[in-house]
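Structure file upload15.pdb (PDB, C-alpha atoms) is printed below.
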ATOM      1  CA  MET G   1    -173.905  10.512 116.651
ATOM      2  CA  GLU G   2    -172.771   7.260 115.075
ATOM      3  CA  ASP G   3    -170.980   5.888 112.019
ATOM      4  CA  TYR G   4    -169.768   9.238 110.697
ATOM      5  CA  LYS G   5    -166.471   8.063 109.229
ATOM      6  CA  HIS G   6    -167.192   9.584 105.803
ATOM      7  CA  THR G   7    -167.850  13.062 107.264
ATOM      8  CA  ASP G   8    -164.460  14.757 107.295
ATOM      9  CA  ARG G   9    -164.997  17.248 110.119
ATOM     10  CA  TYR G  10    -166.265  14.606 112.550
ATOM     11  CA  ARG G  11    -163.646  12.027 111.557
ATOM     12  CA  ASP G  12    -160.920  14.655 111.929
ATOM     13  CA  SER G  13    -162.213  15.547 115.382
ATOM     14  CA  PHE G  14    -162.368  11.872 116.362
ATOM     15  CA  ASN G  15    -158.751  11.475 115.264
ATOM     16  CA  ARG G  16    -157.678  14.520 117.277
ATOM     17  CA  LEU G  17    -159.304  13.126 120.416
ATOM     18  CA  ALA G  18    -157.806   9.667 119.798
ATOM     19  CA  HIS G  19    -154.352  11.205 119.416
ATOM     20  CA  GLN G  20    -154.795  13.317 122.526
ATOM     21  CA  THR G  21    -156.028  10.346 124.576
ATOM     22  CA  PHE G  22    -154.036   7.387 123.235
ATOM     23  CA  GLY G  23    -151.464   8.861 120.841
ATOM     24  CA  ILE G  24    -153.021   7.027 117.876
ATOM     25  CA  SER G  25    -154.695   7.920 114.587
ATOM     26  CA  PHE G  26    -157.139   6.202 112.258
ATOM     27  CA  GLU G  27    -156.692   8.503 109.258
ATOM     28  CA  GLU G  28    -154.327   6.461 107.086
ATOM     29  CA  TRP G  29    -156.413   3.398 107.911
ATOM     30  CA  TYR G  30    -159.477   5.239 106.616
ATOM     31  CA  GLN G  31    -157.796   6.743 103.554
ATOM     32  CA  ARG G  32    -156.551   3.326 102.444
ATOM     33  CA  GLY G  33    -160.025   1.816 102.691
ATOM     34  CA  TYR G  34    -159.655  -0.436 105.737
ATOM     35  CA  TRP G  35    -162.098   1.341 108.040
ATOM     36  CA  ASP G  36    -165.083  -0.776 107.069
ATOM     37  CA  GLU G  37    -168.616  -1.224 108.374
ATOM     38  CA  ARG G  38    -167.462  -3.528 111.163
ATOM     39  CA  TYR G  39    -165.881  -0.669 113.143
ATOM     40  CA  ILE G  40    -168.523   1.812 114.330
ATOM     41  CA  CYS G  41    -168.027   4.954 116.411
ATOM     42  CA  TYR G  42    -170.704   6.139 118.845
ATOM     43  CA  SER G  43    -169.944   9.669 119.990
ATOM     44  CA  TYR G  44    -171.205  12.762 121.711
ATOM     45  CA  VAL G  45    -170.523  15.864 119.611
ATOM     46  CA  ASP G  46    -170.514  19.460 120.811
ATOM     47  CA  ARG G  47    -170.078  22.283 118.290
ATOM     48  CA  ASP G  48    -168.798  19.847 115.655
ATOM     49  CA  GLU G  49    -166.204  18.424 118.071
ATOM     50  CA  VAL G  50    -166.242  14.796 119.222
ATOM     51  CA  VAL G  51    -166.074  15.045 123.019
ATOM     52  CA  ALA G  52    -166.738  11.420 124.044
ATOM     53  CA  ASN G  53    -166.650   8.120 122.197
ATOM     54  CA  VAL G  54    -167.205   4.374 122.496
ATOM     55  CA  SER G  55    -166.449   2.240 119.430
ATOM     56  CA  VAL G  56    -167.641  -1.239 118.509
ATOM     57  CA  SER G  57    -165.874  -3.806 116.330
ATOM     58  CA  ARG G  58    -168.130  -6.633 115.161
ATOM     59  CA  LEU G  59    -166.256  -9.936 114.980
ATOM     60  CA  GLN G  60    -166.665 -13.677 115.185
ATOM     61  CA  LEU G  61    -164.878 -15.729 117.821
ATOM     62  CA  ARG G  62    -164.125 -19.377 117.181
ATOM     63  CA  SER G  63    -163.552 -20.946 120.569
ATOM     64  CA  GLU G  64    -163.027 -24.726 120.692
ATOM     65  CA  SER G  65    -165.336 -25.416 117.716
ATOM     66  CA  ALA G  66    -168.053 -22.925 118.754
ATOM     67  CA  CYS G  67    -168.437 -19.808 116.600
ATOM     68  CA  LEU G  68    -169.922 -16.817 118.397
ATOM     69  CA  LYS G  69    -170.915 -13.333 117.294
ATOM     70  CA  ALA G  70    -168.946 -10.800 119.284
ATOM     71  CA  CYS G  71    -168.799  -7.064 119.827
ATOM     72  CA  GLN G  72    -165.429  -5.736 120.926
ATOM     73  CA  ILE G  73    -165.616  -2.366 122.641
ATOM     74  CA  GLY G  74    -162.693   0.014 122.250
ATOM     75  CA  THR G  75    -161.503   3.615 121.877
ATOM     76  CA  VAL G  76    -163.412   4.604 125.020
ATOM     77  CA  MET G  77    -162.421   8.223 125.547
ATOM     78  CA  THR G  78    -163.703  11.573 126.792
ATOM     79  CA  HIS G  79    -162.218  15.017 126.248
ATOM     80  CA  PRO G  80    -160.748  16.327 129.532
ATOM     81  CA  GLU G  81    -163.128  19.294 129.603
ATOM     82  CA  TYR G  82    -166.165  16.983 129.430
ATOM     83  CA  ARG G  83    -165.191  14.352 131.999
ATOM     84  CA  GLY G  84    -167.307  13.754 135.075
ATOM     85  CA  ARG G  85    -170.597  14.107 133.193
ATOM     86  CA  GLY G  86    -171.259  10.411 132.639
ATOM     87  CA  LEU G  87    -170.964  10.633 128.844
ATOM     88  CA  SER G  88    -168.954   7.423 128.436
ATOM     89  CA  ALA G  89    -171.380   5.548 130.693
ATOM     90  CA  LYS G  90    -174.334   6.692 128.603
ATOM     91  CA  LEU G  91    -172.547   5.619 125.417
ATOM     92  CA  MET G  92    -171.718   2.216 126.949
ATOM     93  CA  ASP G  93    -175.362   1.686 127.887
ATOM     94  CA  HIS G  94    -176.454   2.701 124.384
ATOM     95  CA  VAL G  95    -173.953   0.413 122.653
ATOM     96  CA  ILE G  96    -174.873  -2.606 124.778
ATOM     97  CA  GLN G  97    -178.610  -2.037 124.307
ATOM     98  CA  LYS G  98    -178.236  -1.559 120.543
ATOM     99  CA  HIS G  99    -176.060  -4.614 119.886
ATOM    100  CA  GLU G 100    -177.282  -7.026 122.560
ATOM    101  CA  PRO G 101    -179.886  -8.694 120.307
ATOM    102  CA  GLU G 102    -177.177  -9.754 117.838
ATOM    103  CA  ALA G 103    -174.186 -10.394 120.113
ATOM    104  CA  ASP G 104    -173.300 -13.570 121.976
ATOM    105  CA  VAL G 105    -170.597 -11.727 123.884
ATOM    106  CA  PHE G 106    -169.236  -8.236 124.477
ATOM    107  CA  PHE G 107    -165.598  -7.872 125.428
ATOM    108  CA  LEU G 108    -162.959  -5.200 125.834
ATOM    109  CA  PHE G 109    -159.458  -4.555 127.105
ATOM    110  CA  ALA G 110    -159.301  -2.272 130.128
ATOM    111  CA  ASN G 111    -156.345  -0.384 131.480
ATOM    112  CA  ARG G 112    -155.561  -1.470 135.045
ATOM    113  CA  GLN G 113    -156.251   2.077 136.236
ATOM    114  CA  VAL G 114    -159.977   1.751 135.371
ATOM    115  CA  LEU G 115    -160.720  -1.836 136.381
ATOM    116  CA  ASP G 116    -163.538  -0.773 138.712
ATOM    117  CA  TYR G 117    -165.423   0.939 135.872
ATOM    118  CA  TYR G 118    -166.549  -1.922 133.641
ATOM    119  CA  PRO G 119    -168.123  -4.347 136.173
ATOM    120  CA  ARG G 120    -170.959  -1.840 136.598
ATOM    121  CA  PHE G 121    -171.991  -2.734 133.020
ATOM    122  CA  GLY G 122    -171.887  -6.487 133.687
ATOM    123  CA  PHE G 123    -168.309  -7.181 132.556
ATOM    124  CA  SER G 124    -166.075  -9.659 134.386
ATOM    125  CA  PRO G 125    -162.295 -10.162 134.084
ATOM    126  CA  VAL G 126    -160.968 -13.106 132.082
ATOM    127  CA  GLN G 127    -157.437 -14.380 132.711
ATOM    128  CA  GLU G 128    -155.161 -14.599 129.674
ATOM    129  CA  SER G 129    -151.798 -16.350 129.461
ATOM    130  CA  ARG G 130    -148.393 -15.519 128.054
ATOM    131  CA  PHE G 131    -146.818 -18.193 125.815
ATOM    132  CA  VAL G 132    -143.060 -18.522 125.356
ATOM    133  CA  TRP G 133    -140.860 -20.893 123.353
ATOM    134  CA  ASN G 134    -137.202 -21.081 124.315
ATOM    135  CA  ARG G 135    -134.982 -22.203 121.481
ATOM    136  CA  ASP G 136    -132.280 -24.741 122.371
ATOM    137  CA  GLY G 137    -129.206 -22.686 121.667
ATOM    138  CA  GLU G 138    -128.919 -19.389 119.882
ATOM    139  CA  CYS G 139    -130.256 -18.985 116.370
ATOM    140  CA  SER G 140    -127.189 -17.481 114.749
ATOM    141  CA  GLY G 141    -128.389 -16.924 111.216
ATOM    142  CA  LEU G 142    -125.347 -18.608 109.725
ATOM    143  CA  ARG G 143    -127.359 -19.527 106.659
ATOM    144  CA  GLY G 144    -127.118 -15.925 105.549
ATOM    145  CA  ALA G 145    -124.751 -16.859 102.742
ATOM    146  CA  ALA G 146    -127.677 -18.525 100.949
ATOM    147  CA  PRO G 147    -130.444 -16.468  99.311
ATOM    148  CA  PRO G 148    -132.893 -15.467 102.079
ATOM    149  CA  THR G 149    -136.253 -17.233 102.104
ATOM    150  CA  TRP G 150    -137.860 -14.422 104.092
ATOM    151  CA  ARG G 151    -138.135 -10.788 103.067
ATOM    152  CA  GLN G 152    -139.745  -7.737 104.569
ATOM    153  CA  LEU G 153    -143.017  -6.528 103.097
ATOM    154  CA  ASP G 154    -143.450  -2.846 102.307
ATOM    155  CA  LEU G 155    -147.105  -1.809 102.414
ATOM    156  CA  GLN G 156    -146.288   1.292 100.380
ATOM    157  CA  HIS G 157    -145.756  -1.057  97.436
ATOM    158  CA  PRO G 158    -149.087  -2.175  95.909
ATOM    159  CA  GLN G 159    -147.838  -5.688  95.168
ATOM    160  CA  ASP G 160    -146.864  -6.301  98.785
ATOM    161  CA  GLU G 161    -150.135  -4.819  99.997
ATOM    162  CA  ARG G 162    -152.096  -7.133  97.681
ATOM    163  CA  ARG G 163    -150.034 -10.111  98.848
ATOM    164  CA  LEU G 164    -150.864  -9.379 102.476
ATOM    165  CA  LEU G 165    -154.578  -8.896 101.766
ATOM    166  CA  HIS G 166    -154.726 -12.182  99.856
ATOM    167  CA  ALA G 167    -153.019 -14.010 102.722
ATOM    168  CA  LEU G 168    -155.437 -12.522 105.261
ATOM    169  CA  LYS G 169    -158.502 -13.520 103.265
ATOM    170  CA  SER G 170    -157.311 -17.088 102.696
ATOM    171  CA  ARG G 171    -155.648 -17.680 106.056
ATOM    172  CA  GLN G 172    -156.144 -20.718 108.226
ATOM    173  CA  PRO G 173    -157.409 -20.212 111.788
ATOM    174  CA  ILE G 174    -154.432 -19.389 113.955
ATOM    175  CA  SER G 175    -155.543 -21.612 116.837
ATOM    176  CA  ASP G 176    -157.984 -24.415 117.570
ATOM    177  CA  ARG G 177    -158.512 -23.017 121.053
ATOM    178  CA  LEU G 178    -159.283 -19.403 120.149
ATOM    179  CA  SER G 179    -159.325 -17.678 116.767
ATOM    180  CA  VAL G 180    -160.918 -14.471 115.520
ATOM    181  CA  LEU G 181    -162.670 -14.319 112.168
ATOM    182  CA  GLU G 182    -163.464 -11.308 109.982
ATOM    183  CA  HIS G 183    -160.885  -9.031 111.588
ATOM    184  CA  GLU G 184    -158.877  -8.094 108.491
ATOM    185  CA  GLY G 185    -159.646  -4.410 109.042
ATOM    186  CA  ILE G 186    -158.274  -4.425 112.594
ATOM    187  CA  PHE G 187    -155.189  -6.323 111.445
ATOM    188  CA  MET G 188    -154.521  -3.673 108.808
ATOM    189  CA  TRP G 189    -154.697  -0.911 111.419
ATOM    190  CA  HIS G 190    -151.976  -2.723 113.373
ATOM    191  CA  ALA G 191    -149.975  -3.283 110.192
ATOM    192  CA  LEU G 192    -150.073   0.409 109.312
ATOM    193  CA  GLU G 193    -149.690   1.907 112.789
ATOM    194  CA  VAL G 194    -147.963  -0.625 115.068
ATOM    195  CA  PHE G 195    -145.559  -2.787 113.037
ATOM    196  CA  PRO G 196    -145.241  -1.236 109.546
ATOM    197  CA  THR G 197    -141.660  -2.562 109.249
ATOM    198  CA  GLY G 198    -142.348  -5.868 111.012
ATOM    199  CA  LEU G 199    -144.058  -7.905 108.275
ATOM    200  CA  TYR G 200    -142.020 -10.780 106.830
ATOM    201  CA  TYR G 201    -143.029 -12.892 103.842
ATOM    202  CA  HIS G 202    -141.791 -16.455 103.281
ATOM    203  CA  GLU G 203    -141.395 -17.040  99.551
ATOM    204  CA  GLN G 204    -141.808 -20.841  99.572
ATOM    205  CA  THR G 205    -144.798 -21.282 101.901
ATOM    206  CA  GLY G 206    -146.571 -17.947 101.463
ATOM    207  CA  GLN G 207    -146.612 -17.404 105.216
ATOM    208  CA  ILE G 208    -146.499 -13.896 106.621
ATOM    209  CA  TRP G 209    -145.316 -13.226 110.150
ATOM    210  CA  ALA G 210    -145.923  -9.965 112.005
ATOM    211  CA  CYS G 211    -143.216  -9.479 114.596
ATOM    212  CA  SER G 212    -140.605  -7.344 116.270
ATOM    213  CA  HIS G 213    -137.170  -8.287 117.556
ATOM    214  CA  HIS G 214    -135.548  -7.049 120.740
ATOM    215  CA  GLU G 215    -132.553  -8.304 122.719
ATOM    216  CA  GLY G 216    -132.712 -11.879 121.480
ATOM    217  CA  THR G 217    -136.515 -12.227 121.688
ATOM    218  CA  LEU G 218    -138.849 -12.464 118.712
ATOM    219  CA  HIS G 219    -142.216 -10.962 119.644
ATOM    220  CA  LEU G 220    -144.532 -12.762 117.233
ATOM    221  CA  TYR G 221    -147.833 -10.898 116.872
ATOM    222  CA  ASP G 222    -149.390 -13.054 114.178
ATOM    223  CA  CYS G 223    -148.617 -16.016 111.951
ATOM    224  CA  ILE G 224    -150.650 -15.949 108.734
ATOM    225  CA  SER G 225    -150.724 -19.255 106.914
ATOM    226  CA  PRO G 226    -152.647 -19.437 103.611
ATOM    227  CA  SER G 227    -155.095 -22.313 103.355
ATOM    228  CA  SER G 228    -154.049 -23.030  99.776
ATOM    229  CA  GLY G 229    -151.199 -22.279  97.405
ATOM    230  CA  HIS G 230    -147.529 -23.215  97.415
ATOM    231  CA  GLY G 231    -148.554 -26.823  97.919
ATOM    232  CA  ARG G 232    -148.996 -26.281 101.659
ATOM    233  CA  SER G 233    -152.071 -26.874 103.760
ATOM    234  CA  ASP G 234    -150.669 -26.417 107.283
ATOM    235  CA  HIS G 235    -148.558 -24.024 109.309
ATOM    236  CA  GLY G 236    -145.326 -25.656 108.191
ATOM    237  CA  SER G 237    -142.401 -26.521 110.408
ATOM    238  CA  PHE G 238    -142.148 -23.602 112.764
ATOM    239  CA  PRO G 239    -138.577 -24.308 113.977
ATOM    240  CA  GLU G 240    -137.321 -24.474 110.388
ATOM    241  CA  LEU G 241    -139.094 -21.268 109.404
ATOM    242  CA  PHE G 242    -137.802 -19.601 112.553
ATOM    243  CA  ASP G 243    -134.237 -20.625 111.718
ATOM    244  CA  GLU G 244    -134.630 -19.184 108.227
ATOM    245  CA  LEU G 245    -135.945 -15.899 109.604
ATOM    246  CA  CYS G 246    -132.803 -15.656 111.730
ATOM    247  CA  VAL G 247    -130.905 -14.920 108.516
ATOM    248  CA  LEU G 248    -132.513 -11.479 108.846
ATOM    249  CA  LEU G 249    -132.771 -11.444 112.661
ATOM    250  CA  PRO G 250    -129.634 -13.172 113.994
ATOM    251  CA  GLY G 251    -129.124 -13.829 117.680
ATOM    252  CA  THR G 252    -132.741 -14.707 118.464
ATOM    253  CA  ARG G 253    -133.087 -17.227 121.292
ATOM    254  CA  ARG G 254    -136.759 -17.189 122.254
ATOM    255  CA  VAL G 255    -140.216 -16.388 120.927
ATOM    256  CA  GLU G 256    -143.065 -14.717 122.789
ATOM    257  CA  PHE G 257    -146.449 -15.297 121.155
ATOM    258  CA  ALA G 258    -149.203 -12.664 121.114
ATOM    259  CA  PHE G 259    -151.790 -15.357 120.351
ATOM    260  CA  THR G 260    -152.516 -18.953 121.381
ATOM    261  CA  PRO G 261    -149.902 -21.083 119.539
ATOM    262  CA  ASP G 262    -151.483 -24.516 119.992
ATOM    263  CA  LYS G 263    -151.371 -25.332 116.259
ATOM    264  CA  LEU G 264    -147.617 -24.845 116.002
ATOM    265  CA  GLY G 265    -146.699 -28.036 117.870
ATOM    266  CA  LEU G 266    -144.022 -26.409 120.021
ATOM    267  CA  PRO G 267    -142.921 -27.155 123.606
ATOM    268  CA  VAL G 268    -144.132 -23.766 124.820
ATOM    269  CA  TYR G 269    -144.635 -22.856 128.441
ATOM    270  CA  ASN G 270    -147.279 -20.466 129.697
ATOM    271  CA  GLU G 271    -147.877 -18.276 132.699
ATOM    272  CA  PRO G 272    -150.627 -15.841 133.714
ATOM    273  CA  LEU G 273    -150.426 -12.647 131.696
ATOM    274  CA  ARG G 274    -149.764  -9.605 133.881
ATOM    275  CA  GLY G 275    -149.822  -6.858 131.281
ATOM    276  CA  ASN G 276    -151.336  -3.403 131.528
ATOM    277  CA  ASP G 277    -154.503  -4.390 129.646
ATOM    278  CA  VAL G 278    -157.020  -6.771 131.212
ATOM    279  CA  LEU G 279    -159.580  -8.708 129.164
ATOM    280  CA  TYR G 280    -163.174  -8.177 130.311
ATOM    281  CA  ALA G 281    -166.207 -10.027 128.929
ATOM    282  CA  LYS G 282    -169.976  -9.742 129.206
ATOM    283  CA  GLN G 283    -171.499 -13.068 128.207
ATOM    284  CA  SER G 284    -174.945 -13.663 126.730
ATOM    285  CA  ARG G 285    -177.118 -15.945 128.833
ATOM    286  CA  THR G 286    -178.075 -18.010 125.800
ATOM    287  CA  SER G 287    -174.618 -18.818 124.388
ATOM    288  CA  GLY G 288    -171.737 -20.965 125.517
ATOM    289  CA  PRO G 289    -168.511 -19.487 126.870
ATOM    290  CA  ALA G 290    -166.735 -17.190 124.449
ATOM    291  CA  PHE G 291    -163.269 -17.858 125.847
ATOM    292  CA  PRO G 292    -161.705 -21.232 126.775
ATOM    293  CA  GLU G 293    -162.411 -22.223 130.353
ATOM    294  CA  ASP G 294    -160.331 -25.390 130.683
ATOM    295  CA  GLY G 295    -156.890 -24.197 129.673
ATOM    296  CA  PRO G 296    -154.641 -21.221 128.928
ATOM    297  CA  PHE G 297    -155.214 -18.912 125.964
ATOM    298  CA  LYS G 298    -154.166 -15.542 124.576
ATOM    299  CA  TYR G 299    -156.531 -13.366 122.567
ATOM    300  CA  PRO G 300    -154.759 -12.474 119.282
ATOM    301  CA  ILE G 301    -153.282  -9.018 119.670
ATOM    302  CA  THR G 302    -153.737  -8.228 115.964
ATOM    303  CA  ALA G 303    -157.510  -8.510 116.515
ATOM    304  CA  GLN G 304    -157.458  -6.151 119.493
ATOM    305  CA  ALA G 305    -159.184  -2.837 118.749
TER     306      ALA G 305
END
As structure tokens, what does this structure read like?
Amino acid sequence: MEDYKHTDRYRDSFNRLAHQTFGISFEEWYQRGYWDERYICYSYVDRDEVVANVSVSRLQLRSESACLKACQIGTVMTHPEYRGRGLSAKLMDHVIQKHEPEADVFFLFANRQVLDYYPRFGFSPVQESRFVWNRDGECSGLRGAAPPTWRQLDLQHPQDERRLLHALKSRQPISDRLSVLEHEGIFMWHALEVFPTGLYYHEQTGQIWACSHHEGTLHLYDCISPSSGHGRSDHGSFPELFDELCVLLPGTRRVEFAFTPDKLGLPVYNEPLRGNDVLYAKQSRTSGPAFPEDGPFKYPITAQA
């Protein structure tokens, strides 16, 4: 069965299996209209229960001036009572066969515990990097006496929700090395489920940053810069914007980027990423490389399904 999101009993069962397997849900995302035609579930169903699933997110990757059609594979899961029957493998084969004519690349993020599984389908690991900017001195937030230029967005308020959607649709590419296009739906899942209190809006520039703050480190998940409005056409001065955000998040000394920050003009350092998820890609023979080969990069986490 595929693309059953509007059938309540199957969507509810899919959500139950996703919660059991990963501790996540897609229901609010669906109810608020962000589960669009770009995210497709392919599932085995037994007695109206989803027992195995492989999902596809159709995206575009812009890698060093090349724009490629991509299929990101995610939410690979099987109910415990149905494991060992090869259901996920059959779904993987079906998904690849169905989308191969239109896709320049398939990719996915695999847990390190199952790294031997995906090479059998033609996937190979791709090394990502971690990018860090260390601020000279502590950002104390002493400007707090002045009116704050940043404020938190609340997606339960329609005006803030509209502001975020407008920024997403008019955003500039986040990186010249690797950007993802047409992933607004995936971003909104992250906004609703991962960082609902971590969206900050800059009144003067219209920028929106998705982040969290922990023990002096700002974990910056995304930096959304509108391509027009507010008289700005670039990403602004990152150090100045960072200092202003410290009015709300004092004590921050460093930034870790969950994307490739080459457009920010910062003296960042990078190192091989050693996280729990490993990027795997299956490249079309007729297209160029989907991911940069001559330098470090980080796939944007807010486009990770």
**Study point:** One-decimal distance in Å that lies between CA of Ser175 in chain G and CA of Leu61 in chain G
**Key:** 11.1 Å
Exercise for review: Check what the PyMOL selection byres ((chain G and resi 72-76) around 9) selects in the file above and give those residues as an NGL selection string.
Suggested key: :G and (18 or 22 or 41 or 52-59 or 70-71 or 77-78 or 88 or 92 or 95 or 105-110 or 304-305)
Revision key, fill the gap. Residue with the minimum atom-to-atom distance to Leu68 in chain G, picked from G:Tyr201, G:Tyr34, G:Phe297, G:Phe291 with only C-alpha atoms counted, is G:Phe291
Exercise for review: Report as number ranges by chain the full result of the PyMOL selection byres ((chain G and resi 220) around 8) when it is applied to this structure.
Suggested key: G: 209-212, 218-219, 221-223, 255-258
Practice item. Would you list the contacts of Gly288 in chain G as a ChimeraX atom specification, taking every protein, DNA or RNA residue within 12 Å and counting all atoms listed in the file, but skipping same-chain residues closer than 6 positions in sequence? Key: /G:61-69,104-105,282
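In this structure, CA of Gly206 in chain G sits 26.2 Å away from CA of Glu28 in chain G.
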Review point. If we count only C-alpha atoms, what is near range 133-136 of chain G at a cut-off of 12 Å, once residues fewer than 4 positions away on the same chain are taken out, given as a ChimeraX atom specification?
Key: /G:140,216-220,238-240,242-243,246,251-258,260-262,264-271
As JSON: centre and edge lengths in Å, one decimal, of the axis-aligned box holding range 19-22 of chain G with 5 Å per side:
{"center_x": -155.0, "center_y": 10.4, "center_z": 122.0, "size_x": 12.0, "size_y": 15.9, "size_z": 15.2}
Practice item. State, in Å with one decimal place, the distance from CA of Leu273 in chain G to CA of Glu128 in chain G. Key: 5.5 Å
Check your understanding: Residues at most 10 Å from Tyr10 in chain G, counting all atoms listed in the file, excluding those fewer than 4 positions away in the same chain, as number ranges by chain?
Key -> G: 1, 3-6, 14-16, 43, 45, 48-50
Could you list the residues chosen by the PyMOL selection byres ((chain G and resi 168) around 9) in this structure as a PDB file with C-alpha atoms, in the frame of the given file?
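Okay, this is what ended up in selection33.pdb:
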ATOM      1  CA  ARG G 163    -150.034 -10.111  98.848  1.00  0.00           C
ATOM      2  CA  LEU G 164    -150.864  -9.379 102.476  1.00  0.00           C
ATOM      3  CA  LEU G 165    -154.578  -8.896 101.766  1.00  0.00           C
ATOM      4  CA  HIS G 166    -154.726 -12.182  99.856  1.00  0.00           C
ATOM      5  CA  ALA G 167    -153.019 -14.010 102.722  1.00  0.00           C
ATOM      6  CA  LYS G 169    -158.502 -13.520 103.265  1.00  0.00           C
ATOM      7  CA  SER G 170    -157.311 -17.088 102.696  1.00  0.00           C
ATOM      8  CA  ARG G 171    -155.648 -17.680 106.056  1.00  0.00           C
ATOM      9  CA  GLN G 172    -156.144 -20.718 108.226  1.00  0.00           C
ATOM     10  CA  GLU G 184    -158.877  -8.094 108.491  1.00  0.00           C
ATOM     11  CA  PHE G 187    -155.189  -6.323 111.445  1.00  0.00           C
ATOM     12  CA  ILE G 224    -150.650 -15.949 108.734  1.00  0.00           C
ATOM     13  CA  SER G 225    -150.724 -19.255 106.914  1.00  0.00           C
ATOM     14  CA  PRO G 226    -152.647 -19.437 103.611  1.00  0.00           C
TER      15      PRO G 226
END
**Study point:** Spatial neighbours of Asp154 in chain G, max dist 8 Å, only C-alpha atoms, sep filter under 4 positions, as a list in words
**Key:**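 Contacts, in chain order: Asp160, Glu161, Pro196, Thr197 and Leu199 of chain G.
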Exercise for review: Identify which of the residues G:Asp176, G:Glu27, G:Glu2, G:Glu37 lies closest to Lys298 in chain G, counting all atoms listed in the file when measuring atom-to-atom distances.
Suggested key: G:Asp176
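Closest approach to Met188 in chain G among G:Gly23, G:Gly33, G:Pro296, G:Pro125 is made by G:Gly33 (distances from all atoms listed in the file).
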**Study point:** Residues near Asn111 in chain G, cut-off 10 Å, all atoms listed in the file, skip fewer than 3 positions along chain, as an MDAnalysis selection string
**Key:** chainID G and resid 108 114:115 275:279
